[in-house]
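Enquirer: There's a structure below that I have some questions on.
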Amino acid sequence: MLRVLHRIALVALISSVLLSCGPSSRVYQAPPEALALASKAVTYPKTSFVVITDPHVYDPALGVTGSAFQAYLDKDRKLLKESEELFDAAIDRAATEEADFVIICGDMTKDGEKNNHLMVAEKLKRFQAAGKSVFVVPGNHDVANGEAVRFVGDHSEPIPSVTGAEFADIYRDFGYNAALDRDPASLSYLAEPVPGLWLLAVDSCKWKDNRPGHHAITGGAYSPETFGWIEATLMRARQQGKAVIVFQHHGIMEHYPHNAKFYGDYLVDDHDAVAEMLSTFGVSLVFTGHFHAQDISRRVFDEGRRTIYDIETGSLVTSPCPYRRVRVTDGQKAVIDSRFIDAIPSHPTDFKTYAADYVYQGTIKLADEALIKYKVSEPGRVKFNPQVSRAYVTHLKGDEKARIVIDTDGAGLWGKFVMFMQEDLLYGWTTDLPPADNRLTIDLTTGKSE
Ligand SMILES: [Fe+2]
Ligand SMILES: [Fe+2]
């Protein structure tokens, strides 16, 4: 009984460090007409593109000095002060990539500030100047966010966020004006960046339920209306022989063991049904962000006949500060590579170490706060915090190899018990579900990867 109570307490503890959980329960029933088209082969056109996500741009003019901003940073692990430099560095480098277009999987801004969205949109014009079209979707931080503020000395002041309509207007040249179709129920849309390739930009966020002055909802979902719009759009794609690539903010499958149990808000609600639905209509590649980690997962349906990949890219403001370049070849291979920002003007030589240390120390602070709430003694926290942080940082980089061995010496009885109960999570973060995360080639014909 004690063990059960402690497990309940620990789940609450872990949720307070990052997020809550929500198992996927809905079962997808494919319409017969979709199944009739399921075996129809599609050919992807040759193309290449860049994937950027979670730049969380924050204009330094909104305040980067003073105790209020510092207090905010102490509860956050993002390189917010450097976010503009990181976004500029990523654009400068990615603009030189051999690529036809760029997709950005949301969390454009720190907290949906209109000022920051306008800054992002202005900077994205540089991709267009380099001959690359850009397509964006919102992340959970981007729309109707009650935490849009500026920092002045020891306090913060509310500033305007954006409505859904304003988001679409600000990014009109980055997806919305070029859309072949738009979902009336969300900020989702359909584009055709290259003839024969449909790009389905899905708004997986719950911004319509955000409340003024409150934290924006972290979780994501396809509303029934959006689910139906996506099915209808994918049916048309099958009928017209278009290959489809999907991108959105929230993940559609677990990226580590126990992902749904501990951090369900990082996966779209009913993620099993969503993955099965997309796969039923022939979608093989889904690009996501949100967790700030480099990870690729896959699911296989229909006795191995269908494989769908969730290619999650890490955040520009979280070490290792990656973006991806994807090449689709005539031979129907998707070749995924990762690049890393290794210098910015304020850290020309030491950026990699600085960024890695920033997230490591930030996670230690968050773990410590959570453990204080659960009355773990100081020796226990000193023992435990680095282990949590090492496991988390291991997951952020992808291609996890070293399984963590939990060291409980000197942690005290309660501390030892808490560490024991964290085992599933630390195991999850240090266990890489197949396939590889940073470099991967997917055969789009067979669904296999190497
Ligand atoms: Fe994010
Ligand atoms: Fe997010």
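Ligands are numbered from 1 in the order shown, chains are lettered A, B, ... in the order of the structure tokens, and residues start at 1 in each chain.
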Which residues sit within 8 Å of ligand 1, counting only C-alpha atoms and all ligand atoms, listed as a list in words?

Expert: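 Checked against 8 Å with only C-alpha atoms and all ligand atoms; the hits are Thr53, Asp54, Pro55, His56, Gly106, Asp107, Gly139, Asn140, His141, Gly289, His290, Phe291, His292 and Ser315 of chain A.
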
Enquirer: Go ahead and write the residues just picked, C-alpha atoms, as a short mmCIF file (atom, residue, chain, number, x, y, z; two decimals), in the first residue's frame.

Expert:
data_model
loop_
_atom_site.label_atom_id
_atom_site.label_comp_id
_atom_site.auth_asym_id
_atom_site.auth_seq_id
_atom_site.Cartn_x
_atom_site.Cartn_y
_atom_site.Cartn_z
CA THR A 53 11.32 24.19 -34.60
CA ASP A 54 10.76 25.90 -31.28
CA PRO A 55 12.87 29.01 -31.90
CA HIS A 56 10.97 30.75 -29.03
CA GLY A 106 5.70 25.94 -33.93
CA ASP A 107 6.66 27.75 -30.73
CA GLY A 139 2.95 25.86 -31.12
CA ASN A 140 1.32 25.89 -27.71
CA HIS A 141 3.11 29.14 -26.77
CA GLY A 289 8.73 19.63 -32.17
CA HIS A 290 7.57 20.62 -28.65
CA PHE A 291 9.73 18.39 -26.42
CA HIS A 292 12.94 20.18 -27.51
CA SER A 315 14.60 23.38 -30.20
#

Enquirer: May I have the residues within 6 Å of A:Ile336 as a VMD selection string, using only C-alpha atoms and disregarding those fewer than 6 positions away in the same chain?

Expert: chain A and resid 326 439 to 440

Enquirer: Got a sec: who's within 10 Å of A:Leu79, counting only C-alpha atoms, leaving out chain neighbours fewer than 4 positions off, as a list in words?

Expert: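 Those residues are Pro55, His56, Val57, Tyr58, Leu73, Ser83, Glu84, Glu85, Leu86, Ser315, Leu316, Val317, Thr318, Ser319, Cys321, Ala355, Tyr358 and Val359 of chain A.
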
Enquirer: As a list in words, list the residues of stretch 55-175 of chain A assigned to strand (DSSP E) by DSSP on the backbone atoms of this structure.

Expert: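 Matching residues for strand (DSSP E) in stretch 55-175 of chain A are Phe101, Val102, Ile103, Ile104, Ser133, Val134, Phe135, Val136, Val149, Arg150, Phe151, Val152, His155, Ser156, Glu157 and Pro158 of chain A.
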
Enquirer: What gap, in Å, lies between atom CA of A:Phe281 and atom CA of A:Gln240?

Expert: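 Rounded to one decimal, the two atoms are 12.4 Å apart.
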
Enquirer: Using 12 Å as the limit and counting only C-alpha atoms, can you tabulate each residue of stretch 321-360 of chain A that touches stretch 296-313 of chain A, with its shortest atom-to-atom distance in Å and the two atoms involved, as CSV?

Expert:
residue,atom,partner,partner_atom,distance
A:Cys321,CA,A:Thr313,CA,9.6
A:Pro322,CA,A:Thr313,CA,7.3
A:Tyr323,CA,A:Thr313,CA,6.7
A:Arg324,CA,A:Thr313,CA,7.2
A:Arg325,CA,A:Thr313,CA,10.6
A:Val326,CA,A:Ile311,CA,10.7
A:Ala334,CA,A:Tyr309,CA,11.1
A:Val335,CA,A:Ile311,CA,11.9
A:Ile336,CA,A:Ile311,CA,9.2
A:Asp337,CA,A:Thr313,CA,10.8
A:Ser338,CA,A:Thr313,CA,8.8
A:Arg339,CA,A:Thr313,CA,10.6
A:Phe340,CA,A:Thr313,CA,11.3

Enquirer: Okay, now the selection with C-alpha atoms, as a PDB file, in the first residue's frame?

Expert:
ATOM      1  CA  CYS A 321      20.409  23.758 -30.803  1.00  0.00           C
ATOM      2  CA  PRO A 322      19.695  21.696 -33.946  1.00  0.00           C
ATOM      3  CA  TYR A 323      17.819  21.964 -37.195  1.00  0.00           C
ATOM      4  CA  ARG A 324      17.403  19.310 -39.848  1.00  0.00           C
ATOM      5  CA  ARG A 325      17.817  19.062 -43.598  1.00  0.00           C
ATOM      6  CA  VAL A 326      15.803  16.398 -45.431  1.00  0.00           C
ATOM      7  CA  ALA A 334      14.167  10.366 -47.368  1.00  0.00           C
ATOM      8  CA  VAL A 335      17.664  11.232 -46.159  1.00  0.00           C
ATOM      9  CA  ILE A 336      17.541  13.077 -42.833  1.00  0.00           C
ATOM     10  CA  ASP A 337      20.559  15.004 -41.533  1.00  0.00           C
ATOM     11  CA  SER A 338      20.982  17.218 -38.486  1.00  0.00           C
ATOM     12  CA  ARG A 339      22.933  20.449 -38.140  1.00  0.00           C
ATOM     13  CA  PHE A 340      23.832  22.234 -34.927  1.00  0.00           C
TER      14      PHE A 340
END

Enquirer: One decimal, Å: what's the distance from atom CA of A:Gln29 over to atom CA of A:Leu433, could you say?

Expert: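 Result for atom CA of A:Gln29 versus atom CA of A:Leu433: 26.9 Å, one decimal.
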
Enquirer: Could you pull out the residues in stretch 41-79 of chain A that DSSP calls helix (DSSP H, G or I) from the backbone, as a PyMOL selection string?

Expert: chain A and resi 60-62+67-74

Enquirer: Counting only C-alpha atoms and all ligand atoms, which residue out of A:Ile217, A:Val246, A:Ala68, A:Leu371 sits closest to ligand 2?

Expert: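 Among the listed residues, the smallest separation from ligand 2 belongs to A:Ile217.
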
Enquirer: Which one is closest to A:Ile404: A:Ile170, A:Ile372, A:Ile245, A:Val388? Count only C-alpha atoms.

Expert: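 Nearest to A:Ile404: A:Val388.
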
Enquirer: Just give me the gap between atom CA of A:Tyr28 and atom CA of A:His258 in Å, one decimal is fine.

Expert: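 Between these atoms lies a distance of 21.8 Å.
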
Enquirer: Counting only C-alpha atoms, what is within 8 Å of stretch 191-195 of chain A, bar same-chain residues fewer than 4 positions away, as a PDB file with N, CA and C atoms, in the first residue's frame?

Expert:
ATOM      1  N   PRO A  45       7.910  13.477 -55.227  1.00  0.00           N
ATOM      2  CA  PRO A  45       8.795  14.202 -56.139  1.00  0.00           C
ATOM      3  C   PRO A  45      10.148  14.431 -55.475  1.00  0.00           C
ATOM      4  N   THR A  47      12.937  16.389 -53.905  1.00  0.00           N
ATOM      5  CA  THR A  47      12.971  17.715 -53.285  1.00  0.00           C
ATOM      6  C   THR A  47      13.888  17.673 -52.068  1.00  0.00           C
ATOM      7  N   ASP A 100      14.346  23.418 -51.106  1.00  0.00           N
ATOM      8  CA  ASP A 100      13.292  24.153 -51.814  1.00  0.00           C
ATOM      9  C   ASP A 100      12.432  24.955 -50.849  1.00  0.00           C
ATOM     10  N   PHE A 101      12.281  24.447 -49.645  1.00  0.00           N
ATOM     11  CA  PHE A 101      11.390  25.135 -48.702  1.00  0.00           C
ATOM     12  C   PHE A 101      11.810  24.839 -47.271  1.00  0.00           C
ATOM     13  N   SER A 133      10.682  28.963 -49.950  1.00  0.00           N
ATOM     14  CA  SER A 133       9.409  29.310 -49.336  1.00  0.00           C
ATOM     15  C   SER A 133       9.385  28.764 -47.901  1.00  0.00           C
ATOM     16  N   GLY A 175       2.844  30.520 -45.526  1.00  0.00           N
ATOM     17  CA  GLY A 175       1.927  29.384 -45.535  1.00  0.00           C
ATOM     18  C   GLY A 175       0.485  29.741 -45.843  1.00  0.00           C
ATOM     19  N   ALA A 178      -0.535  31.055 -49.454  1.00  0.00           N
ATOM     20  CA  ALA A 178      -0.259  30.058 -50.501  1.00  0.00           C
ATOM     21  C   ALA A 178      -1.103  28.795 -50.318  1.00  0.00           C
ATOM     22  N   ALA A 179      -1.914  28.756 -49.266  1.00  0.00           N
ATOM     23  CA  ALA A 179      -2.655  27.523 -48.961  1.00  0.00           C
ATOM     24  C   ALA A 179      -3.628  27.161 -50.069  1.00  0.00           C
ATOM     25  N   LEU A 180      -3.658  25.873 -50.423  1.00  0.00           N
ATOM     26  CA  LEU A 180      -4.656  25.365 -51.368  1.00  0.00           C
ATOM     27  C   LEU A 180      -5.997  25.248 -50.670  1.00  0.00           C
ATOM     28  N   ASP A 181      -5.935  25.054 -49.358  1.00  0.00           N
ATOM     29  CA  ASP A 181      -7.156  24.867 -48.579  1.00  0.00           C
ATOM     30  C   ASP A 181      -6.828  25.195 -47.129  1.00  0.00           C
ATOM     31  N   LEU A 199       1.850  19.388 -48.577  1.00  0.00           N
ATOM     32  CA  LEU A 199       2.368  19.648 -47.235  1.00  0.00           C
ATOM     33  C   LEU A 199       1.163  19.981 -46.357  1.00  0.00           C
ATOM     34  N   LEU A 200       0.888  19.099 -45.406  1.00  0.00           N
ATOM     35  CA  LEU A 200      -0.269  19.301 -44.522  1.00  0.00           C
ATOM     36  C   LEU A 200       0.239  19.908 -43.217  1.00  0.00           C
ATOM     37  N   ALA A 201      -0.072  21.179 -43.050  1.00  0.00           N
ATOM     38  CA  ALA A 201       0.365  21.926 -41.861  1.00  0.00           C
ATOM     39  C   ALA A 201      -0.762  21.845 -40.832  1.00  0.00           C
TER      40      ALA A 201
END

Enquirer: Taking only C-alpha atoms into account, produce a table as CSV in which each residue of stretch 271-374 of chain A with an atom at most 12 Å from an atom of stretch 379-385 of chain A appears once, together with its shortest atom pair and the distance in Å to one decimal, ordered by chain and rising number.

Expert:
residue,atom,partner,partner_atom,distance
A:Tyr360,CA,A:Asn385,CA,9.9
A:Gln361,CA,A:Asn385,CA,9.5
A:Gly362,CA,A:Asn385,CA,10.5
A:Thr363,CA,A:Asn385,CA,8.0
A:Ile364,CA,A:Asn385,CA,5.2
A:Lys365,CA,A:Asn385,CA,7.9
A:Leu366,CA,A:Asn385,CA,8.6
A:Ala367,CA,A:Asn385,CA,5.7
A:Asp368,CA,A:Asn385,CA,6.1
A:Glu369,CA,A:Arg381,CA,9.4
A:Ala370,CA,A:Arg381,CA,9.7
A:Leu371,CA,A:Arg381,CA,6.7
A:Ile372,CA,A:Arg381,CA,7.9
A:Lys373,CA,A:Arg381,CA,11.2
A:Tyr374,CA,A:Arg381,CA,10.5

Enquirer: Next, write the just-selected residues to a file, as a tab-separated table (two decimals), in the first residue's frame, keeping C-alpha atoms as the atom set.

Expert:
chain	number	residue	atom	x	y	z
A	360	TYR	CA	22.12	21.00	-17.50
A	361	GLN	CA	22.19	23.58	-14.69
A	362	GLY	CA	18.64	24.73	-15.48
A	363	THR	CA	17.33	21.18	-15.15
A	364	ILE	CA	19.16	20.73	-11.86
A	365	LYS	CA	17.34	23.82	-10.52
A	366	LEU	CA	13.95	22.52	-11.64
A	367	ALA	CA	14.57	19.06	-10.22
A	368	ASP	CA	15.70	20.61	-6.93
A	369	GLU	CA	12.55	22.73	-6.63
A	370	ALA	CA	10.35	19.71	-7.23
A	371	LEU	CA	12.25	17.58	-4.71
A	372	ILE	CA	12.07	20.29	-2.06
A	373	LYS	CA	8.28	20.20	-2.40
A	374	TYR	CA	8.41	16.47	-1.76

Enquirer: Leaving out A:Glu98 and any residue of its chain fewer than 3 positions from it, which residues lie within 9 Å of it when counting only C-alpha atoms, given as a list in words?

Expert: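 In the requested form, the answer reads Ser48, Phe49, Val50, Ala94, Ala95, Arg325 and Arg327 of chain A.
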
Enquirer: If you keep C-alpha atoms, can you produce a file of those selected residues as a PDB file, in the first residue's frame?

Expert:
ATOM      1  CA  SER A  48      14.791  18.850 -50.197  1.00  0.00           C
ATOM      2  CA  PHE A  49      13.765  20.999 -47.279  1.00  0.00           C
ATOM      3  CA  VAL A  50      14.847  22.385 -43.910  1.00  0.00           C
ATOM      4  CA  ALA A  94      19.892  27.195 -43.427  1.00  0.00           C
ATOM      5  CA  ALA A  95      19.413  29.753 -46.182  1.00  0.00           C
ATOM      6  CA  ARG A 325      17.817  19.062 -43.598  1.00  0.00           C
ATOM      7  CA  ARG A 327      16.449  15.218 -48.960  1.00  0.00           C
TER       8      ARG A 327
END

Enquirer: Nearest residue to A:Lys416 out of A:Ile252, A:Val376, A:Ile104, A:Leu444, using only C-alpha atoms?

Expert: A:Val376

Enquirer: List as a list of chain:residue names the protein and nucleic acid residues near stretch 151-157 of chain A, meaning an atom at most 8 Å away when only C-alpha atoms are counted, but skip any in the same chain fewer than 2 places from it.

Expert: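 Once the nearby chain positions are removed, what remains is A:Leu62, A:Gly63, A:Val64, A:Thr65, A:Gly66, A:Ser67, A:Ala68, A:Phe69, A:Val149, A:Ile159.
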
Enquirer: I need the residue nearest A:Leu197 from this list: A:Gly131, A:Gly164, A:Pro212, A:Gly241. Use only C-alpha atoms for the distance.

Expert: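 Closest to A:Leu197, using only C-alpha atoms: A:Gly241.
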